[in-house]
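This is start14.pdb (PDB, C-alpha atoms, pLDDT in the B column).
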ATOM      1  CA  MET A 143       0.000   0.000   0.000  1.00 48.00           C
ATOM      2  CA  ASN A 144       1.053   3.526  -0.678  1.00 52.00           C
ATOM      3  CA  ASP A 145       0.805   5.843   2.377  1.00 50.00           C
ATOM      4  CA  ALA A 146       1.332   8.993   0.323  1.00 53.00           C
ATOM      5  CA  PRO A 147      -1.732  11.226   0.104  1.00 55.00           C
ATOM      6  CA  ASP A 148      -3.408  11.086  -3.273  1.00 64.00           C
ATOM      7  CA  ARG A 149      -3.509  14.101  -5.575  1.00 67.00           C
ATOM      8  CA  ALA A 150      -7.188  14.828  -4.852  1.00 66.00           C
ATOM      9  CA  ASP A 151      -6.529  14.990  -1.082  1.00 65.00           C
ATOM     10  CA  VAL A 152      -3.586  17.339  -1.582  1.00 67.00           C
ATOM     11  CA  SER A 153      -5.614  19.545  -3.948  1.00 76.00           C
ATOM     12  CA  ALA A 154      -8.466  19.734  -1.436  1.00 84.00           C
ATOM     13  CA  GLY A 155      -6.016  20.653   1.327  1.00 86.00           C
ATOM     14  CA  VAL A 156      -4.386  23.340  -0.795  1.00 92.00           C
ATOM     15  CA  ALA A 157      -7.819  24.754  -1.649  1.00 92.00           C
ATOM     16  CA  GLU A 158      -8.688  24.807   2.076  1.00 94.00           C
ATOM     17  CA  TYR A 159      -5.784  26.995   3.160  1.00 95.00           C
ATOM     18  CA  LYS A 160      -6.067  29.160   0.062  1.00 95.00           C
ATOM     19  CA  ALA A 161      -9.748  29.790   0.884  1.00 95.00           C
ATOM     20  CA  ILE A 162      -8.661  31.084   4.294  1.00 96.00           C
ATOM     21  CA  LEU A 163      -6.027  33.272   2.649  1.00 96.00           C
ATOM     22  CA  GLN A 164      -8.558  34.550   0.114  1.00 95.00           C
ATOM     23  CA  ARG A 165     -10.957  35.587   2.901  1.00 95.00           C
ATOM     24  CA  VAL A 166      -8.121  37.433   4.640  1.00 95.00           C
ATOM     25  CA  LEU A 167      -7.091  39.165   1.399  1.00 94.00           C
ATOM     26  CA  GLU A 168     -10.660  40.268   0.675  1.00 93.00           C
ATOM     27  CA  ALA A 169     -10.735  42.046   4.039  1.00 93.00           C
ATOM     28  CA  ARG A 170      -7.480  43.899   3.356  1.00 91.00           C
ATOM     29  CA  PRO A 171      -6.954  47.092   1.373  1.00 89.00           C
ATOM     30  CA  SER A 172      -6.394  46.961  -2.345  1.00 88.00           C
ATOM     31  CA  GLY A 173      -2.733  46.610  -3.202  1.00 89.00           C
ATOM     32  CA  THR A 174      -2.066  43.787  -0.736  1.00 92.00           C
ATOM     33  CA  ARG A 175      -1.483  41.269  -3.539  1.00 92.00           C
ATOM     34  CA  GLN A 176       0.966  43.683  -5.143  1.00 90.00           C
ATOM     35  CA  ARG A 177       2.801  44.062  -1.814  1.00 90.00           C
ATOM     36  CA  ILE A 178       3.075  40.264  -1.653  1.00 92.00           C
ATOM     37  CA  ALA A 179       4.431  40.154  -5.209  1.00 90.00           C
ATOM     38  CA  THR A 180       6.986  42.850  -4.428  1.00 88.00           C
ATOM     39  CA  ALA A 181       8.094  41.208  -1.172  1.00 86.00           C
ATOM     40  CA  LEU A 182       8.500  37.822  -2.874  1.00 87.00           C
ATOM     41  CA  ALA A 183      10.176  39.386  -5.934  1.00 84.00           C
ATOM     42  CA  LYS A 184       7.563  37.649  -8.101  1.00 87.00           C
ATOM     43  CA  ASN A 185       5.017  38.871 -10.610  1.00 87.00           C
ATOM     44  CA  ARG A 186       1.326  39.268  -9.848  1.00 88.00           C
ATOM     45  CA  SER A 187       0.367  36.169 -11.844  1.00 91.00           C
ATOM     46  CA  PHE A 188       2.459  34.042  -9.459  1.00 92.00           C
ATOM     47  CA  VAL A 189       0.677  35.624  -6.502  1.00 93.00           C
ATOM     48  CA  THR A 190      -2.688  34.913  -8.141  1.00 93.00           C
ATOM     49  CA  GLN A 191      -1.717  31.263  -8.596  1.00 93.00           C
ATOM     50  CA  ILE A 192      -0.599  30.816  -4.985  1.00 94.00           C
ATOM     51  CA  THR A 193      -3.517  32.724  -3.431  1.00 93.00           C
ATOM     52  CA  SER A 194      -6.486  31.521  -5.483  1.00 93.00           C
ATOM     53  CA  PRO A 195      -8.231  28.287  -4.414  1.00 92.00           C
ATOM     54  CA  THR A 196      -9.030  27.589  -8.077  1.00 91.00           C
ATOM     55  CA  TYR A 197      -5.339  26.871  -8.779  1.00 91.00           C
ATOM     56  CA  ASP A 198      -3.613  23.740  -7.428  1.00 88.00           C
ATOM     57  CA  THR A 199      -0.293  25.585  -7.082  1.00 91.00           C
ATOM     58  CA  PRO A 200       0.775  25.261  -3.427  1.00 92.00           C
ATOM     59  CA  ILE A 201       2.308  28.122  -1.493  1.00 93.00           C
ATOM     60  CA  PRO A 202       6.033  27.410  -1.039  1.00 91.00           C
ATOM     61  CA  ALA A 203       6.811  26.923   2.659  1.00 89.00           C
ATOM     62  CA  ARG A 204       9.488  29.625   2.588  1.00 86.00           C
ATOM     63  CA  HIS A 205       6.841  32.231   1.646  1.00 90.00           C
ATOM     64  CA  VAL A 206       4.233  31.390   4.292  1.00 92.00           C
ATOM     65  CA  ASP A 207       5.468  33.607   7.145  1.00 88.00           C
ATOM     66  CA  LEU A 208       6.038  36.610   4.899  1.00 89.00           C
ATOM     67  CA  ILE A 209       2.531  36.297   3.426  1.00 93.00           C
ATOM     68  CA  ILE A 210       1.044  36.044   6.917  1.00 92.00           C
ATOM     69  CA  GLU A 211       2.975  39.135   7.985  1.00 89.00           C
ATOM     70  CA  ILE A 212       2.023  41.221   4.939  1.00 90.00           C
ATOM     71  CA  CYS A 213      -1.655  40.250   5.206  1.00 93.00           C
ATOM     72  CA  HIS A 214      -1.785  40.967   8.958  1.00 91.00           C
ATOM     73  CA  PHE A 215      -3.516  37.703   9.862  1.00 92.00           C
ATOM     74  CA  SER A 216      -5.328  37.738  13.186  1.00 92.00           C
ATOM     75  CA  PRO A 217      -4.139  35.078  15.650  1.00 92.00           C
ATOM     76  CA  HIS A 218      -7.224  32.980  14.841  1.00 94.00           C
ATOM     77  CA  GLU A 219      -6.740  33.325  11.069  1.00 94.00           C
ATOM     78  CA  ARG A 220      -3.056  32.452  11.415  1.00 93.00           C
ATOM     79  CA  GLU A 221      -3.823  29.350  13.473  1.00 93.00           C
ATOM     80  CA  ALA A 222      -6.504  28.140  11.040  1.00 95.00           C
ATOM     81  CA  PHE A 223      -4.301  28.812   8.003  1.00 95.00           C
ATOM     82  CA  LEU A 224      -1.234  27.049   9.449  1.00 94.00           C
ATOM     83  CA  ALA A 225      -3.319  24.061  10.567  1.00 92.00           C
ATOM     84  CA  ALA A 226      -4.803  23.731   7.063  1.00 93.00           C
ATOM     85  CA  TYR A 227      -1.345  24.144   5.521  1.00 93.00           C
ATOM     86  CA  ALA A 228       0.045  21.376   7.757  1.00 91.00           C
ATOM     87  CA  ARG A 229      -2.836  19.052   6.803  1.00 90.00           C
ATOM     88  CA  ALA A 230      -2.273  19.726   3.106  1.00 91.00           C
ATOM     89  CA  HIS A 231       1.493  19.233   3.336  1.00 89.00           C
ATOM     90  CA  PRO A 232       2.217  16.903   6.273  1.00 85.00           C
ATOM     91  CA  SER A 233       5.824  16.272   5.220  1.00 82.00           C
ATOM     92  CA  ARG A 234       6.557  19.938   4.461  1.00 76.00           C
ATOM     93  CA  ARG A 235       7.333  22.174   7.373  1.00 68.00           C
ATOM     94  CA  THR A 236       7.443  25.925   7.209  1.00 58.00           C
ATOM     95  CA  PRO A 237      10.930  27.141   8.052  1.00 53.00           C
ATOM     96  CA  PRO A 238      11.320  28.680  11.502  1.00 55.00           C
ATOM     97  CA  ARG A 239      10.299  32.310  11.436  1.00 54.00           C
ATOM     98  CA  ASP A 240      13.180  34.719  11.346  1.00 52.00           C
ATOM     99  CA  GLN A 241      12.834  36.747  14.525  1.00 48.00           C
ATOM    100  CA  ARG A 242      13.927  39.918  12.762  1.00 55.00           C
ATOM    101  CA  ARG A 243      10.979  41.766  11.307  1.00 61.00           C
ATOM    102  CA  ARG A 244      11.163  42.850   7.718  1.00 64.00           C
ATOM    103  CA  ARG A 245      10.294  46.233   6.357  1.00 68.00           C
ATOM    104  CA  ALA A 246       9.608  47.426   2.875  1.00 68.00           C
ATOM    105  CA  HIS A 247      11.935  49.790   1.058  1.00 74.00           C
ATOM    106  CA  MET A 248      11.296  50.893  -2.488  1.00 77.00           C
ATOM    107  CA  VAL A 249      14.191  51.016  -4.926  1.00 82.00           C
ATOM    108  CA  HIS A 250      13.799  52.426  -8.428  1.00 88.00           C
ATOM    109  CA  LEU A 251      15.485  50.151 -10.950  1.00 89.00           C
ATOM    110  CA  PRO A 252      15.929  50.530 -14.676  1.00 93.00           C
ATOM    111  CA  ASP A 253      13.417  48.835 -16.952  1.00 93.00           C
ATOM    112  CA  LEU A 254      15.403  46.200 -18.842  1.00 94.00           C
ATOM    113  CA  GLY A 255      12.829  45.888 -21.596  1.00 94.00           C
ATOM    114  CA  SER A 256      11.337  42.502 -20.754  1.00 90.00           C
ATOM    115  CA  ALA A 257       9.358  41.031 -17.884  1.00 85.00           C
ATOM    116  CA  GLU A 258      11.796  38.120 -17.639  1.00 85.00           C
ATOM    117  CA  LYS A 259      14.883  40.333 -17.315  1.00 89.00           C
ATOM    118  CA  ASN A 260      13.108  42.677 -14.899  1.00 85.00           C
ATOM    119  CA  GLY A 261      12.067  39.695 -12.764  1.00 81.00           C
ATOM    120  CA  GLN A 262      15.617  38.361 -12.711  1.00 85.00           C
ATOM    121  CA  LEU A 263      16.951  41.767 -11.645  1.00 87.00           C
ATOM    122  CA  ASP A 264      14.304  42.036  -8.914  1.00 81.00           C
ATOM    123  CA  MET A 265      15.217  38.578  -7.634  1.00 79.00           C
ATOM    124  CA  LEU A 266      18.951  39.314  -7.673  1.00 85.00           C
ATOM    125  CA  ILE A 267      18.483  42.590  -5.794  1.00 86.00           C
ATOM    126  CA  GLY A 268      16.215  40.890  -3.240  1.00 80.00           C
ATOM    127  CA  GLU A 269      18.687  38.053  -2.657  1.00 78.00           C
ATOM    128  CA  PHE A 270      21.596  40.505  -2.401  1.00 86.00           C
ATOM    129  CA  VAL A 271      19.825  42.659   0.188  1.00 83.00           C
ATOM    130  CA  GLU A 272      18.787  39.621   2.228  1.00 77.00           C
ATOM    131  CA  LYS A 273      22.351  38.237   2.246  1.00 81.00           C
ATOM    132  CA  LEU A 274      23.776  41.654   3.095  1.00 86.00           C
ATOM    133  CA  ALA A 275      21.319  42.064   5.986  1.00 80.00           C
ATOM    134  CA  ASN A 276      22.211  38.591   7.302  1.00 76.00           C
ATOM    135  CA  LEU A 277      25.910  39.429   7.067  1.00 81.00           C
ATOM    136  CA  ILE A 278      25.431  42.670   8.985  1.00 84.00           C
ATOM    137  CA  ALA A 279      23.322  40.879  11.618  1.00 74.00           C
ATOM    138  CA  ASP A 280      26.056  38.227  12.035  1.00 71.00           C
ATOM    139  CA  ILE A 281      28.724  40.915  12.475  1.00 76.00           C
ATOM    140  CA  LYS A 282      26.631  42.634  15.211  1.00 66.00           C
ATOM    141  CA  ASP A 283      26.158  39.368  17.123  1.00 57.00           C
TER     142      ASP A 283
END
Same coordinates, now as structure tokens:
Amino acid sequence: MNDAPDRADVSAGVAEYKAILQRVLEARPSGTRQRIATALAKNRSFVTQITSPTYDTPIPARHVDLIIEICHFSPHEREAFLAAYARAHPSRRTPPRDQRRRRAHMVHLPDLGSAEKNGQLDMLIGEFVEKLANLIADIKD
């Protein structure tokens, strides 16, 4: 026998936690999805795929805490969402939350002429800033 959950069970679990996220997003101001896209250095279509219950695309574990922070989940919403996420992905654990809070900072970058190149630049800048911040934090400690 195969103990792995079947695809239908996983899809139902993903839809469950995305429904919770969708309810939270509907109660937030417009622009929240764009803030998620910016924070994740992804485009809005990716955010649509990971936030809409109609898509089977799961939310990557590394993005869960940041999404919860940006959306300002209540303690009850957070608990329900994380419980549903754990049921949908029993072998996948969200990474431990970085105790340092994040803040947004806008940087104006050149338009490289294509969405792909712009996305790559956004990702590189995001990774660079994160590594630089970790380096500075390690030096302080």
Once the PyMOL selection byres ((chain A and resi 211-216) around 7) has been evaluated on this model, what residues remain selected, and can you format them as a PDB file with C-alpha atoms, in the coordinates of the input?
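Output file out_25.pdb is given in full below:
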ATOM      1  CA  VAL A 166      -8.121  37.433   4.640  1.00 95.00           C
ATOM      2  CA  LEU A 167      -7.091  39.165   1.399  1.00 94.00           C
ATOM      3  CA  THR A 174      -2.066  43.787  -0.736  1.00 92.00           C
ATOM      4  CA  ILE A 178       3.075  40.264  -1.653  1.00 92.00           C
ATOM      5  CA  ASP A 207       5.468  33.607   7.145  1.00 88.00           C
ATOM      6  CA  LEU A 208       6.038  36.610   4.899  1.00 89.00           C
ATOM      7  CA  ILE A 209       2.531  36.297   3.426  1.00 93.00           C
ATOM      8  CA  ILE A 210       1.044  36.044   6.917  1.00 92.00           C
ATOM      9  CA  PRO A 217      -4.139  35.078  15.650  1.00 92.00           C
ATOM     10  CA  HIS A 218      -7.224  32.980  14.841  1.00 94.00           C
ATOM     11  CA  GLU A 219      -6.740  33.325  11.069  1.00 94.00           C
ATOM     12  CA  ARG A 220      -3.056  32.452  11.415  1.00 93.00           C
TER      13      ARG A 220
END
Smallest atom-to-atom distance to Thr196 of chain A: which of A:Ala279, A:Ile162, A:Met248, A:Ala157, using all atoms listed in the file?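 Once distances to Thr196 of chain A are computed over all atoms listed in the file, the minimum belongs to A:Ala157.
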Please compute the atom CA of Ala161 of chain A-atom CA of Leu182 of chain A distance, one decimal, in Å. 20.3 Å
Suppose you want the space between atom CA of Thr193 of chain A and atom CA of Lys259 of chain A; what is it in Å?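 A separation of 24.3 Å between them.
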With the PyMOL selection byres ((chain A and resi 249) around 12) as the selection, what would be picked from this file? Answer as a count of residues only, please. 12
Can you find the residues with an atom no farther than 12 Å from (-1.9, 36.6, -4.8), counting only C-alpha atoms, and report them as a short mmCIF file (atom, residue, chain, number, x, y, z; two decimals) with C-alpha atoms, keeping the file's coordinate frame?
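And here's out34.cif as it stands now:
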data_model
loop_
_atom_site.label_atom_id
_atom_site.label_comp_id
_atom_site.auth_asym_id
_atom_site.auth_seq_id
_atom_site.Cartn_x
_atom_site.Cartn_y
_atom_site.Cartn_z
CA LYS A 160 -6.07 29.16 0.06
CA ALA A 161 -9.75 29.79 0.88
CA LEU A 163 -6.03 33.27 2.65
CA GLN A 164 -8.56 34.55 0.11
CA ARG A 165 -10.96 35.59 2.90
CA VAL A 166 -8.12 37.43 4.64
CA LEU A 167 -7.09 39.16 1.40
CA GLU A 168 -10.66 40.27 0.68
CA SER A 172 -6.39 46.96 -2.35
CA GLY A 173 -2.73 46.61 -3.20
CA THR A 174 -2.07 43.79 -0.74
CA ARG A 175 -1.48 41.27 -3.54
CA GLN A 176 0.97 43.68 -5.14
CA ARG A 177 2.80 44.06 -1.81
CA ILE A 178 3.08 40.26 -1.65
CA ALA A 179 4.43 40.15 -5.21
CA THR A 180 6.99 42.85 -4.43
CA ALA A 181 8.09 41.21 -1.17
CA LEU A 182 8.50 37.82 -2.87
CA LYS A 184 7.56 37.65 -8.10
CA ASN A 185 5.02 38.87 -10.61
CA ARG A 186 1.33 39.27 -9.85
CA SER A 187 0.37 36.17 -11.84
CA PHE A 188 2.46 34.04 -9.46
CA VAL A 189 0.68 35.62 -6.50
CA THR A 190 -2.69 34.91 -8.14
CA GLN A 191 -1.72 31.26 -8.60
CA ILE A 192 -0.60 30.82 -4.99
CA THR A 193 -3.52 32.72 -3.43
CA SER A 194 -6.49 31.52 -5.48
CA PRO A 195 -8.23 28.29 -4.41
CA THR A 196 -9.03 27.59 -8.08
CA TYR A 197 -5.34 26.87 -8.78
CA THR A 199 -0.29 25.58 -7.08
CA PRO A 200 0.78 25.26 -3.43
CA ILE A 201 2.31 28.12 -1.49
CA HIS A 205 6.84 32.23 1.65
CA ILE A 209 2.53 36.30 3.43
CA ILE A 212 2.02 41.22 4.94
CA CYS A 213 -1.66 40.25 5.21
#
Residue among A:Arg229, A:Ser256, A:Glu269, A:Ile281 lying closest to Ala154 of chain A, counting all atoms listed in the file: A:Arg229
Gap from atom CA of Asp198 of chain A to atom CA of Tyr159 of chain A - Å, one decimal: 11.3 Å
